[in-house]
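Enquirer: I am sharing protein_7.txt, which consists of compact mmCIF, C-alpha atoms:
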# COMPACT_ATOMS: atom_id res chain seq x y z
CA MET A 23 30.66 5.50 -22.09
CA LEU A 24 29.12 4.47 -18.76
CA HIS A 25 31.11 2.24 -16.44
CA PRO A 26 29.64 -1.32 -16.66
CA PHE A 27 28.45 -1.15 -13.06
CA LEU A 28 26.71 2.16 -13.65
CA ALA A 29 25.23 0.89 -16.88
CA ALA A 30 23.84 -2.18 -15.11
CA ALA A 31 22.44 -0.01 -12.33
CA ALA A 32 20.86 2.34 -14.87
CA CYS A 33 19.36 -0.60 -16.73
CA SER A 34 17.98 -2.04 -13.49
CA ALA A 35 16.49 1.31 -12.54
CA LEU A 36 14.95 1.68 -15.98
CA LEU A 37 13.42 -1.80 -15.80
CA SER A 38 12.01 -1.00 -12.38
CA THR A 39 10.56 2.30 -13.60
CA VAL A 40 9.05 0.71 -16.68
CA ALA A 41 7.64 -2.19 -14.66
CA SER A 42 6.07 0.19 -12.16
CA ALA A 43 4.60 2.31 -14.94
CA GLN A 44 3.06 -0.76 -16.55
CA THR A 45 1.69 -2.23 -13.33
CA ALA A 46 -2.07 -1.90 -13.06
CA PRO A 47 -3.17 -0.91 -9.52
CA LEU A 48 -5.42 -3.72 -8.32
CA GLY A 49 -6.21 -2.57 -4.78
CA ALA A 50 -4.73 -3.71 -1.49
CA ASN A 51 -7.32 -6.50 -1.38
CA LEU A 52 -7.14 -7.30 -5.09
CA GLU A 53 -10.52 -5.68 -5.67
CA ARG A 54 -9.73 -5.40 -9.38
CA PHE A 55 -8.25 -8.85 -9.94
CA ASP A 56 -10.51 -11.65 -11.18
CA TYR A 57 -10.32 -15.07 -9.58
CA PRO A 58 -10.99 -18.31 -11.50
CA ALA A 59 -14.14 -19.09 -9.51
CA PRO A 60 -16.74 -17.17 -7.47
CA VAL A 61 -15.30 -15.67 -4.29
CA HIS A 62 -16.95 -16.57 -1.00
CA TRP A 63 -16.41 -14.80 2.32
CA PHE A 64 -15.84 -16.04 5.83
CA GLU A 65 -16.24 -13.42 8.56
CA ALA A 66 -14.83 -13.86 12.05
CA THR A 67 -13.42 -12.01 15.05
CA SER A 68 -9.66 -12.24 15.54
CA GLN A 69 -7.59 -10.42 18.15
CA GLY A 70 -10.72 -8.52 19.10
CA HIS A 71 -11.41 -7.16 15.62
CA PRO A 72 -13.60 -8.26 12.71
CA VAL A 73 -11.73 -9.90 9.85
CA ARG A 74 -12.83 -11.66 6.72
CA MET A 75 -11.24 -14.30 4.57
CA ALA A 76 -11.89 -14.83 0.88
CA PHE A 77 -12.10 -18.41 -0.31
CA LEU A 78 -12.88 -20.38 -3.45
CA ASP A 79 -15.08 -23.45 -3.27
CA TRP A 80 -15.16 -25.71 -6.33
CA PRO A 81 -17.79 -28.48 -6.32
CA ALA A 82 -16.94 -31.76 -7.97
CA THR A 83 -17.68 -31.63 -11.69
CA ALA A 84 -17.60 -35.43 -11.99
CA THR A 85 -19.31 -37.97 -9.75
CA PRO A 86 -18.44 -36.75 -6.22
CA ASN A 87 -16.09 -39.05 -4.33
CA GLY A 88 -16.87 -37.54 -0.92
CA THR A 89 -13.39 -36.09 -0.34
CA THR A 90 -12.62 -32.41 0.17
CA VAL A 91 -9.17 -31.09 -0.71
CA VAL A 92 -8.00 -27.85 0.91
CA LEU A 93 -5.30 -25.90 -0.93
CA LEU A 94 -3.17 -23.45 1.08
CA HIS A 95 -1.19 -20.84 -0.87
CA GLY A 96 2.32 -19.48 -0.31
CA LYS A 97 3.54 -15.98 0.52
CA ASN A 98 3.92 -14.85 -3.10
CA PHE A 99 0.74 -16.60 -4.21
CA CYS A 100 -3.03 -16.46 -3.73
CA ALA A 101 -5.98 -18.86 -3.88
CA ALA A 102 -6.26 -17.92 -7.57
CA THR A 103 -2.90 -19.53 -8.28
CA TRP A 104 -4.44 -22.93 -7.58
CA GLY A 105 -6.91 -22.61 -10.48
CA ASP A 106 -5.49 -25.36 -12.71
CA THR A 107 -5.04 -27.75 -9.79
CA ALA A 108 -8.54 -27.12 -8.44
CA ARG A 109 -10.22 -27.64 -11.81
CA GLY A 110 -8.30 -30.88 -12.31
CA LEU A 111 -9.28 -32.18 -8.88
CA ALA A 112 -12.93 -31.15 -9.34
CA ALA A 113 -12.98 -33.05 -12.63
CA ALA A 114 -11.83 -36.13 -10.70
CA GLY A 115 -14.72 -35.88 -8.24
CA TYR A 116 -13.18 -33.86 -5.41
CA ARG A 117 -14.60 -30.81 -3.69
CA VAL A 118 -11.85 -28.18 -3.49
CA ILE A 119 -11.56 -25.25 -1.07
CA ALA A 120 -8.81 -22.65 -1.45
CA PRO A 121 -8.70 -19.77 1.06
CA ASP A 122 -6.78 -16.51 0.99
CA GLN A 123 -5.17 -16.30 4.41
CA ILE A 124 -5.44 -13.21 6.62
CA GLY A 125 -2.89 -10.64 5.41
CA PHE A 126 -2.88 -11.94 1.85
CA CYS A 127 -4.60 -11.22 -1.41
CA LYS A 128 -8.34 -10.52 -1.05
CA SER A 129 -8.48 -11.13 2.72
CA SER A 130 -8.25 -8.61 5.57
CA LYS A 131 -5.02 -6.77 6.35
CA ARG A 132 -5.63 -5.08 9.67
CA SER A 133 -3.17 -2.46 10.90
CA GLY A 134 -0.95 -3.81 13.68
CA TYR A 135 -2.22 -7.39 13.31
CA GLN A 136 -0.05 -10.04 15.00
CA TYR A 137 0.30 -12.78 12.40
CA SER A 138 0.95 -16.33 13.49
CA PHE A 139 0.50 -19.76 11.96
CA HIS A 140 -1.50 -20.81 15.02
CA THR A 141 -4.00 -18.01 14.38
CA MET A 142 -4.17 -18.80 10.66
CA ALA A 143 -4.76 -22.48 11.42
CA ALA A 144 -7.58 -21.63 13.84
CA LEU A 145 -9.23 -19.29 11.33
CA THR A 146 -8.90 -21.89 8.59
CA ALA A 147 -10.47 -24.53 10.83
CA ALA A 148 -13.38 -22.19 11.55
CA LEU A 149 -13.78 -21.44 7.84
CA LEU A 150 -13.92 -25.17 7.07
CA ASP A 151 -16.55 -25.63 9.79
CA ARG A 152 -18.65 -22.89 8.20
CA ALA A 153 -18.19 -24.50 4.77
CA GLY A 154 -19.31 -27.88 6.10
CA ALA A 155 -16.05 -29.63 5.29
CA GLY A 156 -15.31 -32.71 7.34
CA LYS A 157 -12.00 -34.52 7.36
CA VAL A 158 -9.88 -33.14 4.51
CA VAL A 159 -6.83 -33.74 2.39
CA LEU A 160 -4.65 -30.76 3.26
CA VAL A 161 -2.23 -29.43 0.64
CA GLY A 162 0.19 -26.63 1.53
CA HIS A 163 2.59 -24.88 -0.84
CA SER A 164 5.62 -22.83 0.23
CA THR A 165 4.54 -20.72 3.25
CA GLY A 166 1.26 -22.62 3.05
CA GLY A 167 3.32 -25.71 3.83
CA ILE A 168 4.20 -24.29 7.25
CA LEU A 169 0.54 -23.50 7.82
CA ALA A 170 -0.58 -26.96 6.69
CA THR A 171 1.93 -28.57 9.04
CA ARG A 172 0.80 -26.38 11.95
CA PHE A 173 -2.84 -27.22 11.15
CA ALA A 174 -2.05 -30.96 11.11
CA LEU A 175 -0.25 -30.65 14.46
CA LEU A 176 -3.15 -28.76 16.04
CA TYR A 177 -6.03 -30.68 14.44
CA PRO A 178 -4.76 -34.14 13.40
CA GLU A 179 -8.28 -35.58 13.63
CA ARG A 180 -9.36 -33.24 10.82
CA VAL A 181 -6.64 -34.26 8.33
CA ALA A 182 -6.90 -37.45 6.30
CA LYS A 183 -3.66 -36.76 4.41
CA LEU A 184 -1.06 -33.99 4.44
CA VAL A 185 0.71 -33.00 1.23
CA LEU A 186 3.53 -30.46 1.40
CA VAL A 187 4.55 -28.85 -1.89
CA ASN A 188 7.99 -27.18 -1.79
CA PRO A 189 7.24 -26.04 1.78
CA LEU A 190 9.17 -23.52 3.80
CA GLY A 191 9.80 -24.13 7.49
CA LEU A 192 11.40 -27.58 7.15
CA ASN A 193 14.64 -26.00 8.39
CA ASP A 194 15.26 -23.19 10.86
CA THR A 195 17.07 -20.67 8.67
CA LEU A 196 17.93 -18.42 11.63
CA SER A 197 19.90 -21.26 13.21
CA GLU A 198 21.63 -21.89 9.87
CA GLY A 199 23.03 -18.36 9.64
CA VAL A 200 20.29 -16.02 8.44
CA PRO A 201 20.29 -12.96 10.73
CA TYR A 202 17.02 -11.92 12.30
CA THR A 203 15.61 -8.90 10.46
CA ASP A 204 13.35 -6.64 12.51
CA LEU A 205 10.07 -5.22 11.32
CA GLY A 206 11.50 -1.82 10.44
CA LYS A 207 14.07 -3.29 8.08
CA LEU A 208 11.50 -5.62 6.58
CA ARG A 209 9.23 -2.65 5.86
CA ALA A 210 12.15 -0.82 4.23
CA GLU A 211 12.72 -3.83 1.98
CA GLU A 212 9.04 -3.99 1.07
CA ALA A 213 9.19 -0.31 0.04
CA LYS A 214 11.51 -1.35 -2.79
CA THR A 215 9.33 -4.21 -4.06
CA ASP A 216 7.82 -3.80 -7.52
CA ALA A 217 7.06 -5.89 -10.60
CA ALA A 218 10.71 -5.92 -11.72
CA SER A 219 12.03 -7.16 -8.37
CA ILE A 220 9.25 -9.73 -8.04
CA LYS A 221 9.94 -11.10 -11.51
CA ALA A 222 13.73 -11.19 -10.98
CA TYR A 223 13.33 -13.10 -7.72
CA GLN A 224 10.89 -15.62 -9.16
CA LEU A 225 12.92 -16.08 -12.35
CA ARG A 226 15.99 -17.10 -10.37
CA ASN A 227 14.50 -18.98 -7.44
CA TYR A 228 11.23 -20.41 -8.76
CA TYR A 229 11.68 -21.00 -12.48
CA HIS A 230 15.41 -21.74 -12.80
CA GLY A 231 16.02 -18.97 -15.33
CA VAL A 232 13.19 -19.85 -17.74
CA TRP A 233 10.31 -17.39 -17.98
CA ARG A 234 6.98 -17.95 -19.71
CA PRO A 235 4.47 -15.22 -20.56
CA ASP A 236 1.76 -16.89 -18.46
CA TYR A 237 3.82 -16.20 -15.32
CA ASP A 238 3.32 -12.46 -15.88
CA ARG A 239 -0.26 -12.69 -14.62
CA TRP A 240 1.00 -13.73 -11.19
CA VAL A 241 3.65 -11.02 -11.09
CA GLY A 242 0.96 -8.49 -11.99
CA MET A 243 -1.27 -9.87 -9.24
CA LEU A 244 1.36 -9.22 -6.57
CA ALA A 245 2.74 -5.98 -7.96
CA GLY A 246 -0.76 -4.62 -8.49
CA GLN A 247 -1.35 -4.64 -4.75
CA TYR A 248 1.85 -2.68 -4.07
CA ALA A 249 1.09 -0.20 -6.87
CA SER A 250 -2.30 0.73 -5.43
CA ALA A 251 -3.08 3.92 -3.52
CA ASP A 252 -3.39 1.81 -0.36
CA GLY A 253 -0.25 -0.18 -1.16
CA ASP A 254 1.35 0.69 2.19
CA THR A 255 -1.24 -1.56 3.83
CA VAL A 256 0.11 -4.42 1.74
CA ARG A 257 3.74 -3.56 2.46
CA ASP A 258 3.13 -3.55 6.21
CA ALA A 259 1.27 -6.86 6.06
CA GLN A 260 3.99 -8.46 3.95
CA ALA A 261 6.70 -7.28 6.35
CA ARG A 262 4.80 -8.75 9.30
CA LEU A 263 4.25 -11.98 7.40
CA SER A 264 7.99 -12.25 6.67
CA ASP A 265 8.66 -11.86 10.39
CA MET A 266 6.20 -14.70 11.03
CA ILE A 267 7.93 -16.98 8.52
CA GLU A 268 11.43 -16.34 9.81
CA THR A 269 10.50 -16.86 13.47
CA GLN A 270 7.94 -19.68 13.30
CA PRO A 271 9.42 -22.66 11.40
CA VAL A 272 8.02 -26.11 12.10
CA ALA A 273 11.31 -28.00 11.71
CA ALA A 274 11.62 -29.02 15.36
CA GLU A 275 8.07 -30.43 15.46
CA LEU A 276 8.11 -32.61 12.36
CA PRO A 277 8.52 -35.87 14.35
CA ARG A 278 5.21 -35.08 16.11
CA LEU A 279 3.17 -35.35 12.91
CA THR A 280 0.74 -38.26 13.09
CA VAL A 281 -1.10 -37.95 9.77
CA PRO A 282 0.01 -39.63 6.51
CA THR A 283 2.40 -37.12 4.91
CA THR A 284 3.85 -36.75 1.43
CA LEU A 285 6.34 -34.12 0.27
CA ILE A 286 6.21 -33.10 -3.41
CA ILE A 287 9.42 -31.24 -4.19
CA GLY A 288 10.51 -29.52 -7.38
CA GLN A 289 14.21 -30.27 -7.33
CA ARG A 290 15.29 -27.10 -9.15
CA ASP A 291 13.91 -24.84 -6.44
CA LEU A 292 16.58 -22.45 -5.11
CA THR A 293 14.37 -20.98 -2.39
CA ALA A 294 16.11 -20.59 0.97
CA PHE A 295 14.14 -18.01 2.93
CA ARG A 296 16.17 -14.79 3.29
CA ALA A 297 19.47 -16.61 2.71
CA SER A 298 20.74 -13.64 0.70
CA SER A 299 20.83 -11.61 3.93
CA ALA A 300 23.23 -14.07 5.60
CA PRO A 301 26.97 -13.31 5.72
CA GLU A 302 28.59 -14.56 2.54
CA ASP A 303 30.58 -17.23 4.39
CA ARG A 304 27.36 -18.65 5.92
CA ARG A 305 25.04 -18.67 2.92
CA ALA A 306 26.01 -22.15 1.79
CA GLN A 307 24.86 -23.47 5.19
CA VAL A 308 21.31 -22.20 4.65
CA ARG A 309 19.54 -25.11 3.03
CA THR A 310 17.27 -24.74 0.04
CA VAL A 311 13.81 -26.31 0.12
CA PRO A 312 14.91 -29.50 -1.72
CA GLN A 313 17.91 -29.91 0.60
CA ALA A 314 15.78 -29.46 3.71
CA ALA A 315 13.17 -31.89 2.38
CA GLU A 316 15.70 -34.72 2.15
CA ASP A 317 16.25 -34.51 5.90
CA ALA A 318 12.63 -33.71 6.78
CA VAL A 319 11.19 -36.82 5.12
CA LYS A 320 13.34 -38.95 7.45
CA ARG A 321 12.03 -37.12 10.52
CA ILE A 322 8.32 -37.28 9.71
CA PRO A 323 6.93 -40.68 10.72
CA GLY A 324 6.04 -42.73 7.64
CA ALA A 325 6.51 -39.83 5.22
CA ARG A 326 7.31 -40.24 1.56
CA LEU A 327 9.00 -37.94 -0.92
CA ILE A 328 8.05 -37.35 -4.55
CA ARG A 329 10.86 -35.61 -6.44
CA LEU A 330 10.03 -33.58 -9.56
CA ASP A 331 13.44 -33.41 -11.16
CA ASP A 332 12.89 -30.73 -13.78
CA LEU A 333 10.62 -28.37 -11.85
CA GLY A 334 11.17 -25.52 -9.43
CA HIS A 335 9.41 -23.92 -6.48
CA SER A 336 5.94 -23.75 -8.04
CA PRO A 337 5.28 -27.04 -9.85
CA GLN A 338 1.52 -26.41 -9.89
CA VAL A 339 2.16 -23.26 -11.95
CA GLU A 340 5.08 -24.48 -14.01
CA ALA A 341 3.68 -27.87 -15.06
CA PRO A 342 0.01 -28.16 -13.98
CA ALA A 343 -0.68 -31.56 -15.55
CA GLU A 344 2.48 -33.19 -14.19
CA PHE A 345 1.87 -31.70 -10.77
CA LEU A 346 -1.74 -32.86 -10.71
CA GLN A 347 -0.63 -36.39 -11.51
CA SER A 348 1.86 -36.29 -8.61
CA LEU A 349 -0.75 -34.83 -6.27
CA ARG A 350 -3.27 -37.52 -7.19
CA SER A 351 -0.57 -40.10 -6.47
CA ALA A 352 0.12 -38.53 -3.07
CA MET A 353 -3.58 -38.62 -2.22
CA THR A 354 -4.11 -42.29 -2.98
CA PRO A 355 -3.15 -45.08 -0.53
So that I can check it, write out the structure of this file as structure tokens.

Expert:
Amino acid sequence: MLHPFLAAAACSALLSTVASAQTAPLGANLERFDYPAPVHWFEATSQGHPVRMAFLDWPATATPNGTTVVLLHGKNFCAATWGDTARGLAAAGYRVIAPDQIGFCKSSKRSGYQYSFHTMAALTAALLDRAGAGKVVLVGHSTGGILATRFALLYPERVAKLVLVNPLGLNDTLSEGVPYTDLGKLRAEEAKTDAASIKAYQLRNYYHGVWRPDYDRWVGMLAGQYASADGDTVRDAQARLSDMIETQPVAAELPRLTVPTTLIIGQRDLTAFRASSAPEDRRAQVRTVPQAAEDAVKRIPGARLIRLDDLGHSPQVEAPAEFLQSLRSAMTP
């Protein structure tokens, strides 16, 4: 009989092998993954090289109300993940734009690219100019919450309202005890990422131990990039993006926000970026997203907090109708 530890390790290895075998290669730029609306392209020059960003642009399907909502995805998400939210907003008269940021999903992943939230904000602003969007309601989820905050700090005149959905960056995890991890180590971690590890992470941190079959589509979306022949391009981009997240929080700048801001926070979210790499005696000091939000809402002038008690890191995926109701509430005076 195998020792319990060895049995668990064997089981984990088997799950990983099976998951990898069942993962359909989708291409580094998700060439073989369908989005819920026609994909548009924005082409630009960044850091001296041509890049292009994919984006979805839903017109209002009810009487247009003249407001454009921009939805910014997180690190383990894509524009496609906003499908339910976008359709609900379009049915209420909003125009909805959801880009894939540089380094993610269907957008460019240039070798050696220096990712920063400032660059992403500038590219997003240029994309919105090209799309003819004026002042917008800006919604950022997870890593997209850092980007949305940076955008609102750089271009406050372009943001009518800011909505942050379980955002990262509200606390500086490095100062709370997470050790800095260099690019080489981040790449080594990415080399181990597959469908099994993605699902295990999301099950624990995003969905509080409850998995539904419809979540598998999003695991397949991420894992399908890694499983492709050009998967190393994805792994390098993801490592560089992790470096960006760990070194560019917006926590210190929250009091400088001047636009009306609402935080929508699933209270069962256990996400604390890279907290598992902290020494065991420091991990409890690394705040989760809901813990950081309680402090952040006091530091953002005039901000309000909507708590979703039974939901986790991805309320727009876990409970689309409830989330849409909360988002509509955040967008109204």

Enquirer: Pick out the residues sitting within 9 Å of A:Asp79, and hand them over as a list in words; count only C-alpha atoms, and ignore anything fewer than 5 positions along from it in its own chain.

Expert: Ala59, Pro60, Val61, His62, Arg117, Val118, Ile119, Ala120, Pro121 and Ala153 of chain A

Enquirer: Pick from A:Asn193, A:Thr89, A:Asn51, A:Thr107: nearest to A:Gly253, with all atoms listed in the file counted?

Expert: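 Closest to A:Gly253, using all atoms listed in the file: A:Asn51.
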
Enquirer: Of the residues A:Ser348, A:Ser68, A:Gln136, A:Thr146, which is the one nearest to A:Leu160, using only C-alpha atoms?

Expert: A:Thr146

Enquirer: Would you pick out the contacts of A:Ile328 at 7 Å or less, using only C-alpha atoms, so that residues sharing its chain but fewer than 4 positions from it are not included, and give the list as JSON, numbers by chain?

Expert: {"A": [285, 286, 287]}

Enquirer: So, with all atoms listed in the file as the atoms that count, which of A:Gln123, A:Thr203, A:Ser133, A:Gln307 lies closest to A:Thr165?

Expert: A:Gln123

Enquirer: Please determine, counting all atoms listed in the file, which residue among A:Phe295, A:Phe55, A:Trp104, A:Trp80 has the shortest atom-to-atom distance to A:Tyr202.

Expert: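 Result for the nearest residue to A:Tyr202: A:Phe295.
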
Enquirer: Which residue is closest to A:Leu52? Choose from A:Glu340, A:Asp258, A:Asp252, A:Glu211 and count all atoms listed in the file.

Expert: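 Comparing A:Glu340, A:Asp258, A:Asp252, A:Glu211 against A:Leu52, the winner is A:Asp252.
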
Enquirer: Show me, as a ChimeraX atom specification, the residues that have an atom within 10 Å of A:Gln338 when counting only C-alpha atoms, minus same-chain residues fewer than 6 positions from it.

Expert: /A:103-107,163,187,288,344-346,348-349

Enquirer: My list of candidates is A:Asp291, A:Asp303, A:Asp151, A:Glu316. Which is closest to A:Asn227 when distances are computed with only C-alpha atoms?

Expert: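 Result for the nearest residue to A:Asn227: A:Asp291.
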
Enquirer: Could you state the separation of atom CA of A:Ala274 and atom CA of A:Ser351 in Å, given to one decimal place?

Expert: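 That distance, rounded to one decimal, is 27.3 Å.
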
Enquirer: To one decimal in Å, tell me the separation between atom CA of A:Ala297 and atom CA of A:Ala259.

Expert: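 Between atom CA of A:Ala297 and atom CA of A:Ala259 the gap is 20.9 Å.
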
Enquirer: One decimal, Å: what's the distance from atom CA of A:Val158 over to atom CA of A:Arg180, could you say?

Expert: 6.3 Å

Enquirer: If we count only C-alpha atoms, what is near A:Phe139 at a cut-off of 8 Å, once residues fewer than 3 positions away on the same chain are taken out, given as number ranges by chain?

Expert: A: 142-143, 168-169, 172, 266, 270

Enquirer: May I have the protein, DNA and RNA residues with an atom at most 8 Å from (-15.4, -9.2, 4.4), counting only C-alpha atoms in the file's coordinates, returned as a VMD selection string?

Expert: chain A and resid 63 to 65 73 to 76 129 to 130
